[in-house]
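Trainee: I am sharing run_24.cif, which consists of mmCIF, C-alpha atoms and all ligand atoms:
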data_model
#
loop_
_atom_site.group_PDB
_atom_site.id
_atom_site.type_symbol
_atom_site.label_atom_id
_atom_site.label_comp_id
_atom_site.auth_asym_id
_atom_site.auth_seq_id
_atom_site.Cartn_x
_atom_site.Cartn_y
_atom_site.Cartn_z
ATOM 1 C CA MET A 1 9.143 12.004 28.203
ATOM 2 C CA SER A 2 11.845 13.400 30.489
ATOM 3 C CA GLY A 3 14.717 15.920 30.330
ATOM 4 C CA SER A 4 17.396 14.339 28.089
ATOM 5 C CA GLU A 5 17.650 14.604 24.326
ATOM 6 C CA PRO A 6 15.053 12.486 22.531
ATOM 7 C CA LEU A 7 15.547 9.309 20.554
ATOM 8 C CA ILE A 8 13.133 9.587 17.625
ATOM 9 C CA GLY A 9 12.112 6.566 15.576
ATOM 10 C CA VAL A 10 11.103 7.180 11.965
ATOM 11 C CA PHE A 11 9.957 4.612 9.453
ATOM 12 C CA ASP A 12 9.039 4.488 5.803
ATOM 13 C CA SER A 13 8.675 1.753 3.223
ATOM 14 C CA GLY A 14 11.981 2.855 1.719
ATOM 15 C CA VAL A 15 14.524 5.612 1.599
ATOM 16 C CA GLY A 16 12.157 8.520 0.806
ATOM 17 C CA GLY A 17 11.160 9.115 4.440
ATOM 18 C CA LEU A 18 14.665 10.450 5.004
ATOM 19 C CA THR A 19 13.308 13.738 3.629
ATOM 20 C CA VAL A 20 11.444 13.942 6.957
ATOM 21 C CA VAL A 21 14.624 13.006 8.854
ATOM 22 C CA ALA A 22 16.545 15.796 7.099
ATOM 23 C CA ALA A 23 13.872 18.287 8.213
ATOM 24 C CA LEU A 24 13.890 16.886 11.772
ATOM 25 C CA ARG A 25 17.652 17.301 11.993
ATOM 26 C CA GLN A 26 17.358 20.961 11.051
ATOM 27 C CA ARG A 27 14.841 21.569 13.830
ATOM 28 C CA LEU A 28 16.176 19.203 16.502
ATOM 29 C CA PRO A 29 19.930 18.950 15.919
ATOM 30 C CA ALA A 30 20.628 17.301 19.276
ATOM 31 C CA ALA A 31 18.046 14.540 18.853
ATOM 32 C CA SER A 32 19.150 11.055 17.882
ATOM 33 C CA ILE A 33 17.189 9.362 15.133
ATOM 34 C CA LEU A 34 16.686 5.703 14.275
ATOM 35 C CA TYR A 35 15.396 5.336 10.734
ATOM 36 C CA LEU A 36 13.884 2.134 9.405
ATOM 37 C CA GLY A 37 13.333 1.686 5.665
ATOM 38 C CA ASP A 38 11.268 -1.429 4.951
ATOM 39 C CA THR A 39 12.938 -1.903 1.592
ATOM 40 C CA ALA A 40 12.258 -5.642 1.474
ATOM 41 C CA ARG A 41 8.516 -4.990 1.378
ATOM 42 C CA LEU A 42 8.435 -1.764 -0.655
ATOM 43 C CA PRO A 43 6.174 -0.640 -2.276
ATOM 44 C CA TYR A 44 3.427 -0.124 0.293
ATOM 45 C CA GLY A 45 1.600 2.099 -2.174
ATOM 46 C CA THR A 46 0.005 -0.732 -4.132
ATOM 47 C CA LYS A 47 -0.947 -2.901 -1.135
ATOM 48 C CA SER A 48 -4.141 -3.391 0.857
ATOM 49 C CA ARG A 49 -4.871 -1.621 4.137
ATOM 50 C CA ARG A 50 -4.541 -4.859 6.071
ATOM 51 C CA THR A 51 -1.070 -5.577 4.708
ATOM 52 C CA VAL A 52 0.160 -1.998 5.198
ATOM 53 C CA LEU A 53 -1.110 -2.127 8.812
ATOM 54 C CA ARG A 54 0.691 -5.417 9.484
ATOM 55 C CA TYR A 55 3.990 -4.150 8.031
ATOM 56 C CA SER A 56 3.664 -0.822 9.843
ATOM 57 C CA GLN A 57 2.993 -2.460 13.221
ATOM 58 C CA ALA A 58 6.118 -4.620 12.800
ATOM 59 C CA ASN A 59 8.118 -1.449 12.083
ATOM 60 C CA VAL A 60 6.686 0.296 15.162
ATOM 61 C CA ASP A 61 7.459 -2.712 17.352
ATOM 62 C CA PHE A 62 11.033 -2.877 16.039
ATOM 63 C CA LEU A 63 11.662 0.802 16.823
ATOM 64 C CA GLN A 64 9.960 0.560 20.228
ATOM 65 C CA ARG A 65 12.148 -2.409 21.165
ATOM 66 C CA ARG A 66 15.080 -0.107 20.524
ATOM 67 C CA GLY A 67 13.764 2.396 23.039
ATOM 68 C CA VAL A 68 12.532 5.299 20.905
ATOM 69 C CA ASP A 69 10.538 7.842 22.864
ATOM 70 C CA ALA A 70 8.802 9.483 19.912
ATOM 71 C CA LEU A 71 7.800 7.998 16.577
ATOM 72 C CA VAL A 72 7.128 9.386 13.108
ATOM 73 C CA VAL A 73 5.347 7.399 10.411
ATOM 74 C CA ALA A 74 7.110 9.073 7.487
ATOM 75 C CA CYS A 75 5.338 6.951 4.875
ATOM 76 C CA ASN A 76 2.283 8.664 3.387
ATOM 77 C CA THR A 77 0.643 5.354 2.514
ATOM 78 C CA ALA A 78 1.079 4.024 6.073
ATOM 79 C CA SER A 79 -0.093 7.370 7.484
ATOM 80 C CA ALA A 80 -3.204 7.244 5.300
ATOM 81 C CA MET A 81 -4.061 3.575 5.809
ATOM 82 C CA ALA A 82 -2.648 2.399 9.135
ATOM 83 C CA LEU A 83 -1.825 5.236 11.533
ATOM 84 C CA GLU A 84 -5.066 5.302 13.466
ATOM 85 C CA ASP A 85 -5.013 1.542 14.107
ATOM 86 C CA LEU A 86 -1.355 1.264 15.131
ATOM 87 C CA ASP A 87 -0.517 0.224 18.675
ATOM 88 C CA VAL A 88 2.097 2.848 19.672
ATOM 89 C CA ARG A 89 3.171 3.598 23.253
ATOM 90 C CA THR A 90 4.972 6.884 22.578
ATOM 91 C CA PRO A 91 3.888 10.237 21.141
ATOM 92 C CA HIS A 92 3.609 9.700 17.407
ATOM 93 C CA TRP A 93 2.832 11.497 14.179
ATOM 94 C CA GLY A 94 1.983 10.636 10.621
ATOM 95 C CA VAL A 95 2.755 12.899 7.679
ATOM 96 C CA LEU A 96 -0.817 13.241 6.465
ATOM 97 C CA GLU A 97 -2.310 15.839 8.808
ATOM 98 C CA PRO A 98 0.806 18.069 8.720
ATOM 99 C CA GLY A 99 0.883 17.839 4.917
ATOM 100 C CA ALA A 100 -2.818 18.671 4.655
ATOM 101 C CA SER A 101 -2.361 21.696 6.981
ATOM 102 C CA ALA A 102 0.548 22.958 4.899
ATOM 103 C CA ALA A 103 -1.517 22.604 1.713
ATOM 104 C CA VAL A 104 -4.482 24.448 3.219
ATOM 105 C CA ALA A 105 -2.193 27.255 4.417
ATOM 106 C CA ALA A 106 -0.706 27.639 0.919
ATOM 107 C CA ALA A 107 -3.854 27.074 -1.138
ATOM 108 C CA GLY A 108 -5.867 29.522 -3.156
ATOM 109 C CA ARG A 109 -8.939 27.593 -4.356
ATOM 110 C CA HIS A 110 -7.829 24.309 -5.820
ATOM 111 C CA VAL A 111 -5.343 21.779 -4.370
ATOM 112 C CA GLY A 112 -3.903 18.943 -6.433
ATOM 113 C CA VAL A 113 -2.685 15.902 -4.524
ATOM 114 C CA ILE A 114 -0.253 13.421 -6.039
ATOM 115 C CA ALA A 115 0.421 10.170 -4.169
ATOM 116 C CA THR A 116 0.596 6.404 -4.470
ATOM 117 C CA GLU A 117 -2.406 4.406 -5.658
ATOM 118 C CA SER A 118 -3.299 3.259 -2.131
ATOM 119 C CA THR A 119 -3.117 6.766 -0.671
ATOM 120 C CA VAL A 120 -5.280 8.146 -3.465
ATOM 121 C CA ARG A 121 -7.763 5.287 -3.075
ATOM 122 C CA SER A 122 -8.055 6.017 0.667
ATOM 123 C CA ALA A 123 -8.927 9.676 -0.143
ATOM 124 C CA ALA A 124 -7.315 10.474 3.224
ATOM 125 C CA TYR A 125 -5.659 13.686 1.990
ATOM 126 C CA GLU A 126 -8.869 14.866 0.391
ATOM 127 C CA HIS A 127 -10.788 14.321 3.642
ATOM 128 C CA ALA A 128 -8.059 15.916 5.783
ATOM 129 C CA ILE A 129 -7.925 19.009 3.539
ATOM 130 C CA ARG A 130 -11.701 19.365 3.430
ATOM 131 C CA ARG A 131 -11.953 18.983 7.209
ATOM 132 C CA LEU A 132 -9.655 21.998 7.519
ATOM 133 C CA ASN A 133 -11.303 23.999 4.726
ATOM 134 C CA PRO A 134 -14.499 22.633 3.163
ATOM 135 C CA GLU A 135 -14.442 25.401 0.529
ATOM 136 C CA LEU A 136 -11.309 24.082 -1.176
ATOM 137 C CA ARG A 137 -11.525 22.004 -4.302
ATOM 138 C CA VAL A 138 -9.276 18.919 -4.171
ATOM 139 C CA SER A 139 -8.185 16.810 -7.165
ATOM 140 C CA GLN A 140 -6.060 13.696 -6.727
ATOM 141 C CA ARG A 141 -3.797 11.752 -9.069
ATOM 142 C CA ALA A 142 -1.937 8.505 -8.426
ATOM 143 C CA CYS A 143 1.579 8.526 -9.922
ATOM 144 C CA PRO A 144 2.848 4.950 -9.510
ATOM 145 C CA LEU A 145 5.873 5.321 -11.795
ATOM 146 C CA LEU A 146 7.472 8.122 -9.799
ATOM 147 C CA VAL A 147 8.724 6.039 -6.843
ATOM 148 C CA PRO A 148 10.734 3.628 -9.034
ATOM 149 C CA LEU A 149 12.185 6.570 -10.993
ATOM 150 C CA VAL A 150 13.449 8.150 -7.771
ATOM 151 C CA GLU A 151 14.737 4.806 -6.489
ATOM 152 C CA GLU A 152 16.613 4.517 -9.797
ATOM 153 C CA GLY A 153 18.214 7.921 -9.195
ATOM 154 C CA TRP A 154 16.543 9.526 -12.237
ATOM 155 C CA GLU A 155 15.157 12.556 -10.410
ATOM 156 C CA ASP A 156 16.433 15.018 -12.968
ATOM 157 C CA ASP A 157 16.018 13.042 -16.146
ATOM 158 C CA GLU A 158 14.212 13.991 -19.342
ATOM 159 C CA ILE A 159 12.163 10.771 -19.180
ATOM 160 C CA THR A 160 11.044 11.602 -15.645
ATOM 161 C CA GLU A 161 10.001 15.079 -16.756
ATOM 162 C CA ARG A 162 7.847 13.640 -19.557
ATOM 163 C CA ILE A 163 6.199 11.153 -17.212
ATOM 164 C CA VAL A 164 5.577 13.889 -14.616
ATOM 165 C CA ALA A 165 4.053 16.109 -17.344
ATOM 166 C CA ARG A 166 1.719 13.306 -18.373
ATOM 167 C CA TYR A 167 0.605 12.608 -14.799
ATOM 168 C CA LEU A 168 0.076 16.284 -14.002
ATOM 169 C CA ALA A 169 -1.696 17.259 -17.243
ATOM 170 C CA PRO A 170 -5.258 16.728 -15.901
ATOM 171 C CA LEU A 171 -4.451 18.618 -12.699
ATOM 172 C CA LEU A 172 -2.895 21.524 -14.570
ATOM 173 C CA GLU A 173 -5.793 21.604 -17.020
ATOM 174 C CA ALA A 174 -8.131 21.797 -14.019
ATOM 175 C CA GLU A 175 -6.074 24.834 -12.881
ATOM 176 C CA ILE A 176 -4.759 23.720 -9.516
ATOM 177 C CA ASP A 177 -2.924 26.499 -7.661
ATOM 178 C CA THR A 178 -1.237 24.226 -5.085
ATOM 179 C CA LEU A 179 0.300 20.774 -5.485
ATOM 180 C CA LEU A 180 0.663 18.597 -2.385
ATOM 181 C CA LEU A 181 3.442 16.040 -2.751
ATOM 182 C CA GLY A 182 1.700 13.212 -0.909
ATOM 183 C CA CYS A 183 4.473 10.639 -1.105
ATOM 184 C CA THR A 184 7.837 10.474 0.631
ATOM 185 C CA HIS A 185 9.758 10.250 -2.626
ATOM 186 C CA TYR A 186 8.226 13.230 -4.374
ATOM 187 C CA PRO A 187 10.191 16.005 -2.583
ATOM 188 C CA LEU A 188 13.193 14.575 -4.442
ATOM 189 C CA LEU A 189 11.410 15.475 -7.689
ATOM 190 C CA ARG A 190 10.815 19.104 -6.699
ATOM 191 C CA GLY A 191 12.983 20.455 -9.516
ATOM 192 C CA VAL A 192 11.123 18.547 -12.231
ATOM 193 C CA LEU A 193 7.716 19.160 -10.625
ATOM 194 C CA ALA A 194 8.387 22.908 -10.396
ATOM 195 C CA ARG A 195 9.438 23.026 -14.056
ATOM 196 C CA VAL A 196 6.337 21.158 -15.195
ATOM 197 C CA CYS A 197 3.926 23.122 -12.974
ATOM 198 C CA GLY A 198 5.391 26.561 -13.640
ATOM 199 C CA PRO A 199 5.372 29.528 -11.263
ATOM 200 C CA GLY A 200 1.572 29.621 -10.830
ATOM 201 C CA VAL A 201 1.502 26.462 -8.679
ATOM 202 C CA THR A 202 2.858 26.283 -5.110
ATOM 203 C CA LEU A 203 4.506 22.963 -4.214
ATOM 204 C CA VAL A 204 3.943 21.704 -0.670
ATOM 205 C CA ASP A 205 5.298 18.625 1.085
ATOM 206 C CA SER A 206 4.855 17.110 4.541
ATOM 207 C CA ALA A 207 8.472 16.975 5.692
ATOM 208 C CA GLU A 208 8.718 20.534 6.963
ATOM 209 C CA SER A 209 5.279 20.649 8.628
ATOM 210 C CA THR A 210 5.735 17.210 10.237
ATOM 211 C CA SER A 211 9.099 18.173 11.725
ATOM 212 C CA LEU A 212 7.550 21.373 13.056
ATOM 213 C CA ALA A 213 4.785 19.393 14.797
ATOM 214 C CA VAL A 214 7.374 17.060 16.373
ATOM 215 C CA GLU A 215 9.542 19.970 17.489
ATOM 216 C CA HIS A 216 6.622 21.769 19.160
ATOM 217 C CA ARG A 217 5.549 18.714 21.081
ATOM 218 C CA LEU A 218 9.063 17.756 22.225
ATOM 219 C CA ARG A 219 9.978 21.268 23.255
ATOM 220 C CA ARG A 220 6.724 21.574 25.215
ATOM 221 C CA ALA A 221 7.848 18.442 27.076
ATOM 222 C CA GLY A 222 11.264 20.054 27.730
ATOM 223 C CA ARG A 223 13.054 17.891 25.163
ATOM 224 C CA GLY A 224 15.064 18.623 22.067
ATOM 225 C CA GLY A 225 16.342 22.039 23.087
ATOM 226 C CA GLY A 226 20.048 21.169 22.836
ATOM 227 C CA SER A 227 22.159 22.246 19.906
ATOM 228 C CA ALA A 228 25.276 20.044 20.145
ATOM 229 C CA PRO A 229 24.950 17.229 17.586
ATOM 230 C CA ARG A 230 25.857 13.803 18.925
ATOM 231 C CA ALA A 231 27.685 11.432 16.648
ATOM 232 C CA PRO A 232 26.335 9.453 14.997
ATOM 233 C CA SER A 233 22.989 11.245 15.303
ATOM 234 C CA VAL A 234 21.266 9.103 12.668
ATOM 235 C CA ARG A 235 21.342 5.311 12.438
ATOM 236 C CA LEU A 236 19.773 3.651 9.436
ATOM 237 C CA PHE A 237 18.158 0.226 9.328
ATOM 238 C CA ALA A 238 16.864 -1.414 6.175
ATOM 239 C CA THR A 239 15.096 -4.735 5.729
ATOM 240 C CA ASP A 240 16.895 -5.222 2.418
ATOM 241 C CA ALA A 241 20.086 -3.243 2.267
ATOM 242 C CA GLY A 242 21.838 -2.329 -0.899
ATOM 243 C CA SER A 243 24.173 0.235 -2.348
ATOM 244 C CA ARG A 244 21.196 2.099 -3.805
ATOM 245 C CA PHE A 245 19.741 2.744 -0.332
ATOM 246 C CA ALA A 246 23.083 3.992 1.007
ATOM 247 C CA ARG A 247 23.634 6.193 -2.048
ATOM 248 C CA LEU A 248 20.211 7.816 -1.900
ATOM 249 C CA ALA A 249 20.397 8.174 1.884
ATOM 250 C CA GLU A 250 23.675 10.031 1.628
ATOM 251 C CA ARG A 251 22.233 12.332 -1.004
ATOM 252 C CA ILE A 252 19.162 13.159 1.111
ATOM 253 C CA LEU A 253 21.025 13.562 4.429
ATOM 254 C CA GLY A 254 24.036 15.296 2.920
ATOM 255 C CA GLU A 255 26.434 12.866 4.647
ATOM 256 C CA PRO A 256 26.867 9.119 5.117
ATOM 257 C CA ALA A 257 25.175 7.435 8.090
ATOM 258 C CA PRO A 258 25.725 3.925 9.471
ATOM 259 C CA LEU A 259 23.409 1.410 7.819
ATOM 260 C CA GLU A 260 22.429 -2.025 9.146
ATOM 261 C CA TRP A 261 20.521 -4.736 7.363
ATOM 262 C CA ILE A 262 17.921 -6.121 9.779
ATOM 263 C CA ASP A 263 14.884 -8.348 10.142
ATOM 264 C CA VAL A 264 12.083 -6.313 11.753
ATOM 265 C CA ASN A 265 10.868 -9.381 13.589
ATOM 266 C CA GLN A 266 14.176 -10.073 15.343
ATOM 267 C CA ALA A 267 13.936 -9.819 19.158
ATOM 268 C CA GLU A 268 16.720 -7.262 19.468
ATOM 269 C CA THR A 269 16.758 -4.809 22.374
ATOM 270 C CA THR A 270 19.912 -2.706 21.834
HETATM 271 N N1 LIG B 1 6.604 5.606 1.166
HETATM 272 C C1 LIG B 1 5.500 5.537 0.230
HETATM 273 C C2 LIG B 1 4.603 6.734 0.449
HETATM 274 O O1 LIG B 1 4.994 7.747 0.965
HETATM 275 C C3 LIG B 1 5.988 5.511 -1.195
HETATM 276 C C4 LIG B 1 6.698 4.241 -1.586
HETATM 277 C C5 LIG B 1 5.809 3.019 -1.490
HETATM 278 O O2 LIG B 1 4.867 2.866 -2.292
HETATM 279 O O3 LIG B 1 6.034 2.225 -0.591
HETATM 280 O O4 LIG B 1 3.449 6.670 0.096
#
Using structure tokens, write down the structure from this file.
Ligand code: DGL
Mentor:
Amino acid sequence: MSGSEPLIGVFDSGVGGLTVVAALRQRLPAASILYLGDTARLPYGTKSRRTVLRYSQANVDFLQRRGVDALVVACNTASAMALEDLDVRTPHWGVLEPGASAAVAAAGRHVGVIATESTVRSAAYEHAIRRLNPELRVSQRACPLLVPLVEEGWEDDEITERIVARYLAPLLEAEIDTLLLGCTHYPLLRGVLARVCGPGVTLVDSAESTSLAVEHRLRRAGRGGGSAPRAPSVRLFATDAGSRFARLAERILGEPAPLEWIDVNQAETT
């Protein structure tokens, strides 16, 4: 990496990874960001490791062809199942280790982890948390209905609250003191999750801790120190574009960003 402002590539299976982009923009306002949402192949959270690795590598290759010099795997499922086997030429991060560190820092004795089925099956969060603090108790719960509810825009709906309450009941009965939101979409449900959990449970997500890790590394390399935002600082790519993606993206980023519908396998270099 050299002196100019960085071009950071970020990918997720859908729109949820923009929660990481929003955090990155706070920390690195002069960086440019290319965001790829693999909406055509969402969800990753029910798929096998082999498939998630194949999709993730295609996303990495697409962003690398566009010249990114740092890369964030903002999808928890891809971070849990594919990150260590990805062929990436630039500095790169997943959201799993930063999320686990944030949970360990916040935890009392018992961490609950909610995530997709594949992430829970991999037990990657449980292992990452226990590596950092073997004394902590970790309980996991897959919540497969939550991603579609967010995609539908029902983050603050009574139905969503009832479903969240049902998913969280075993964790709350087991007296978790910290809840790690181990899926890109879940930070958008913070309001409902906080209501269901009550004040005794600390909610933690990966977006803030991942952006901090990226900032530290880039600044150590003399990058990302500028403050003047370039326009447009975020470009969005989706493998299946639709008004829903644009609507949710605008809500997460707080402003519209240009969106292109692409094929990740196209041999584009610009
Ligand atoms: N991006 C996925 C994750 O963070 C959630 C959506 C999906 O299942 O693809 O695990």
Trainee: With all atoms of ligand LIG 1 (chain B) from the file as input, state the centre and edge lengths in Å to one decimal of the axis-aligned box that has 5 Å extra on each side, as JSON.
Mentor:
{"center_x": 5.1, "center_y": 5.0, "center_z": -0.6, "size_x": 13.2, "size_y": 15.5, "size_z": 13.5}
Trainee: Would you compute the distance between CA of Lys47 (chain A) and CA of Ser118 (chain A)? Give it in Å to one decimal.
Mentor: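 Result for CA of Lys47 (chain A) versus CA of Ser118 (chain A): 6.7 Å, one decimal.
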Trainee: With all atoms listed in the file counted, collect every polymer residue having an atom within 8 Å of ligand LIG 1 (chain B); state the result as a list in words.
Mentor: Asp12, Ser13, Gly14, Val15, Gly16, Gly17, Arg41, Leu42, Pro43, Tyr44, Gly45, Thr46, Ala74, Cys75, Asn76, Thr77, Ala78, Ala115, Thr116, Ser118, Thr119, Pro144, Val147, Gly182, Cys183, Thr184 and His185 of chain A
Trainee: Find the spatial neighbours of Tyr125 (chain A), counting only C-alpha atoms, within a cut-off of 7 Å - ignore same-chain residues fewer than 3 positions away - and output them as a list in words.
Mentor: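 So, after excluding close chain neighbours, the residues are Leu96, Ala100, Ala128 and Ile129 of chain A.
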Trainee: What does the file look like for those residues with C-alpha atoms, as an mmCIF file, keeping the file's coordinate frame?
Mentor:
data_model
loop_
_atom_site.group_PDB
_atom_site.id
_atom_site.type_symbol
_atom_site.label_atom_id
_atom_site.label_comp_id
_atom_site.auth_asym_id
_atom_site.auth_seq_id
_atom_site.Cartn_x
_atom_site.Cartn_y
_atom_site.Cartn_z
ATOM 1 C CA LEU A 96 -0.817 13.241 6.465
ATOM 2 C CA ALA A 100 -2.818 18.671 4.655
ATOM 3 C CA ALA A 128 -8.059 15.916 5.783
ATOM 4 C CA ILE A 129 -7.925 19.009 3.539
#
Trainee: Could you expand the PyMOL selection byres (((chain A and resi 162) around 12) and not hetatm) into the explicit residues it covers here, written as number ranges by chain?
Mentor: A: 145-146, 149, 155-161, 163-169, 192-193, 195-196
Trainee: Applying the PyMOL selection byres (((chain A and resi 49) around 12) and not hetatm) to the file I just gave you, which residues come out? Please list them as a PyMOL selection string.
Mentor: chain A and resi 44-48+50-56+77-86+117-119+121-122
Trainee: Any chance you could resolve the PyMOL selection byres (((chain A and resi 206-218) around 6) and not hetatm) against this file and give the residues as a list in words?
Mentor: Val20, Ala23, Leu24, Val95, Pro98, Gly99, Asp205, Arg219, Arg220, Ala221 and Arg223 of chain A
Trainee: So, with only C-alpha atoms as the atoms that count, which of A:Ala58, A:Ile114, A:Leu180, A:Leu136 lies closest to Glu97 (chain A)?
Mentor: A:Leu180
Trainee: Return region 97-124 of chain A, completed with N, CA and C atoms, as a PDB file, in the frame of the given file.
Mentor:
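This went into selection-v2.pdb:
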ATOM      1  N   GLU A  97      -1.684  14.620   8.269  1.00  0.00           N
ATOM      2  CA  GLU A  97      -2.310  15.839   8.808  1.00  0.00           C
ATOM      3  C   GLU A  97      -1.389  17.047   8.622  1.00  0.00           C
ATOM      4  N   PRO A  98      -0.075  16.922   8.957  1.00  0.00           N
ATOM      5  CA  PRO A  98       0.806  18.069   8.720  1.00  0.00           C
ATOM      6  C   PRO A  98       0.855  18.489   7.248  1.00  0.00           C
ATOM      7  N   GLY A  99       0.864  17.519   6.351  1.00  0.00           N
ATOM      8  CA  GLY A  99       0.883  17.839   4.917  1.00  0.00           C
ATOM      9  C   GLY A  99      -0.395  18.546   4.491  1.00  0.00           C
ATOM     10  N   ALA A 100      -1.534  18.047   4.996  1.00  0.00           N
ATOM     11  CA  ALA A 100      -2.818  18.671   4.655  1.00  0.00           C
ATOM     12  C   ALA A 100      -2.861  20.104   5.187  1.00  0.00           C
ATOM     13  N   SER A 101      -2.370  20.328   6.417  1.00  0.00           N
ATOM     14  CA  SER A 101      -2.361  21.696   6.981  1.00  0.00           C
ATOM     15  C   SER A 101      -1.504  22.624   6.135  1.00  0.00           C
ATOM     16  N   ALA A 102      -0.337  22.121   5.714  1.00  0.00           N
ATOM     17  CA  ALA A 102       0.548  22.958   4.899  1.00  0.00           C
ATOM     18  C   ALA A 102      -0.120  23.309   3.572  1.00  0.00           C
ATOM     19  N   ALA A 103      -0.839  22.348   2.994  1.00  0.00           N
ATOM     20  CA  ALA A 103      -1.517  22.604   1.713  1.00  0.00           C
ATOM     21  C   ALA A 103      -2.619  23.639   1.898  1.00  0.00           C
ATOM     22  N   VAL A 104      -3.379  23.504   2.977  1.00  0.00           N
ATOM     23  CA  VAL A 104      -4.482  24.448   3.219  1.00  0.00           C
ATOM     24  C   VAL A 104      -3.921  25.854   3.444  1.00  0.00           C
ATOM     25  N   ALA A 105      -2.797  25.935   4.157  1.00  0.00           N
ATOM     26  CA  ALA A 105      -2.193  27.255   4.417  1.00  0.00           C
ATOM     27  C   ALA A 105      -1.722  27.908   3.119  1.00  0.00           C
ATOM     28  N   ALA A 106      -1.262  27.086   2.162  1.00  0.00           N
ATOM     29  CA  ALA A 106      -0.706  27.639   0.919  1.00  0.00           C
ATOM     30  C   ALA A 106      -1.768  27.859  -0.154  1.00  0.00           C
ATOM     31  N   ALA A 107      -2.912  27.177  -0.020  1.00  0.00           N
ATOM     32  CA  ALA A 107      -3.854  27.074  -1.138  1.00  0.00           C
ATOM     33  C   ALA A 107      -4.603  28.360  -1.442  1.00  0.00           C
ATOM     34  N   GLY A 108      -4.933  28.488  -2.735  1.00  0.00           N
ATOM     35  CA  GLY A 108      -5.867  29.522  -3.156  1.00  0.00           C
ATOM     36  C   GLY A 108      -7.269  28.908  -3.148  1.00  0.00           C
ATOM     37  N   ARG A 109      -7.606  28.199  -4.287  1.00  0.00           N
ATOM     38  CA  ARG A 109      -8.939  27.593  -4.356  1.00  0.00           C
ATOM     39  C   ARG A 109      -8.893  26.102  -4.647  1.00  0.00           C
ATOM     40  N   HIS A 110      -7.815  25.680  -5.293  1.00  0.00           N
ATOM     41  CA  HIS A 110      -7.829  24.309  -5.820  1.00  0.00           C
ATOM     42  C   HIS A 110      -6.497  23.604  -5.537  1.00  0.00           C
ATOM     43  N   VAL A 111      -6.550  22.532  -4.728  1.00  0.00           N
ATOM     44  CA  VAL A 111      -5.343  21.779  -4.370  1.00  0.00           C
ATOM     45  C   VAL A 111      -5.292  20.490  -5.182  1.00  0.00           C
ATOM     46  N   GLY A 112      -4.153  20.241  -5.799  1.00  0.00           N
ATOM     47  CA  GLY A 112      -3.903  18.943  -6.433  1.00  0.00           C
ATOM     48  C   GLY A 112      -3.106  18.092  -5.464  1.00  0.00           C
ATOM     49  N   VAL A 113      -3.433  16.817  -5.395  1.00  0.00           N
ATOM     50  CA  VAL A 113      -2.685  15.902  -4.524  1.00  0.00           C
ATOM     51  C   VAL A 113      -2.135  14.791  -5.399  1.00  0.00           C
ATOM     52  N   ILE A 114      -0.823  14.581  -5.345  1.00  0.00           N
ATOM     53  CA  ILE A 114      -0.253  13.421  -6.039  1.00  0.00           C
ATOM     54  C   ILE A 114       0.290  12.467  -4.981  1.00  0.00           C
ATOM     55  N   ALA A 115       0.069  11.162  -5.193  1.00  0.00           N
ATOM     56  CA  ALA A 115       0.421  10.170  -4.169  1.00  0.00           C
ATOM     57  C   ALA A 115       0.433   8.792  -4.802  1.00  0.00           C
ATOM     58  N   THR A 116       0.662   7.780  -3.963  1.00  0.00           N
ATOM     59  CA  THR A 116       0.596   6.404  -4.470  1.00  0.00           C
ATOM     60  C   THR A 116      -0.865   6.019  -4.712  1.00  0.00           C
ATOM     61  N   GLU A 117      -1.042   4.879  -5.368  1.00  0.00           N
ATOM     62  CA  GLU A 117      -2.406   4.406  -5.658  1.00  0.00           C
ATOM     63  C   GLU A 117      -3.209   4.182  -4.373  1.00  0.00           C
ATOM     64  N   SER A 118      -2.568   3.566  -3.371  1.00  0.00           N
ATOM     65  CA  SER A 118      -3.299   3.259  -2.131  1.00  0.00           C
ATOM     66  C   SER A 118      -3.698   4.530  -1.394  1.00  0.00           C
ATOM     67  N   THR A 119      -2.789   5.514  -1.360  1.00  0.00           N
ATOM     68  CA  THR A 119      -3.117   6.766  -0.671  1.00  0.00           C
ATOM     69  C   THR A 119      -4.259   7.470  -1.386  1.00  0.00           C
ATOM     70  N   VAL A 120      -4.202   7.493  -2.703  1.00  0.00           N
ATOM     71  CA  VAL A 120      -5.280   8.146  -3.465  1.00  0.00           C
ATOM     72  C   VAL A 120      -6.599   7.410  -3.237  1.00  0.00           C
ATOM     73  N   ARG A 121      -6.544   6.083  -3.273  1.00  0.00           N
ATOM     74  CA  ARG A 121      -7.763   5.287  -3.075  1.00  0.00           C
ATOM     75  C   ARG A 121      -8.381   5.555  -1.699  1.00  0.00           C
ATOM     76  N   SER A 122      -7.537   5.761  -0.698  1.00  0.00           N
ATOM     77  CA  SER A 122      -8.055   6.017   0.667  1.00  0.00           C
ATOM     78  C   SER A 122      -8.728   7.391   0.766  1.00  0.00           C
ATOM     79  N   ALA A 123      -8.412   8.288  -0.155  1.00  0.00           N
ATOM     80  CA  ALA A 123      -8.927   9.676  -0.143  1.00  0.00           C
ATOM     81  C   ALA A 123      -8.612  10.386   1.171  1.00  0.00           C
ATOM     82  N   ALA A 124      -7.608   9.912   1.897  1.00  0.00           N
ATOM     83  CA  ALA A 124      -7.315  10.474   3.224  1.00  0.00           C
ATOM     84  C   ALA A 124      -6.878  11.937   3.135  1.00  0.00           C
TER      85      ALA A 124
END
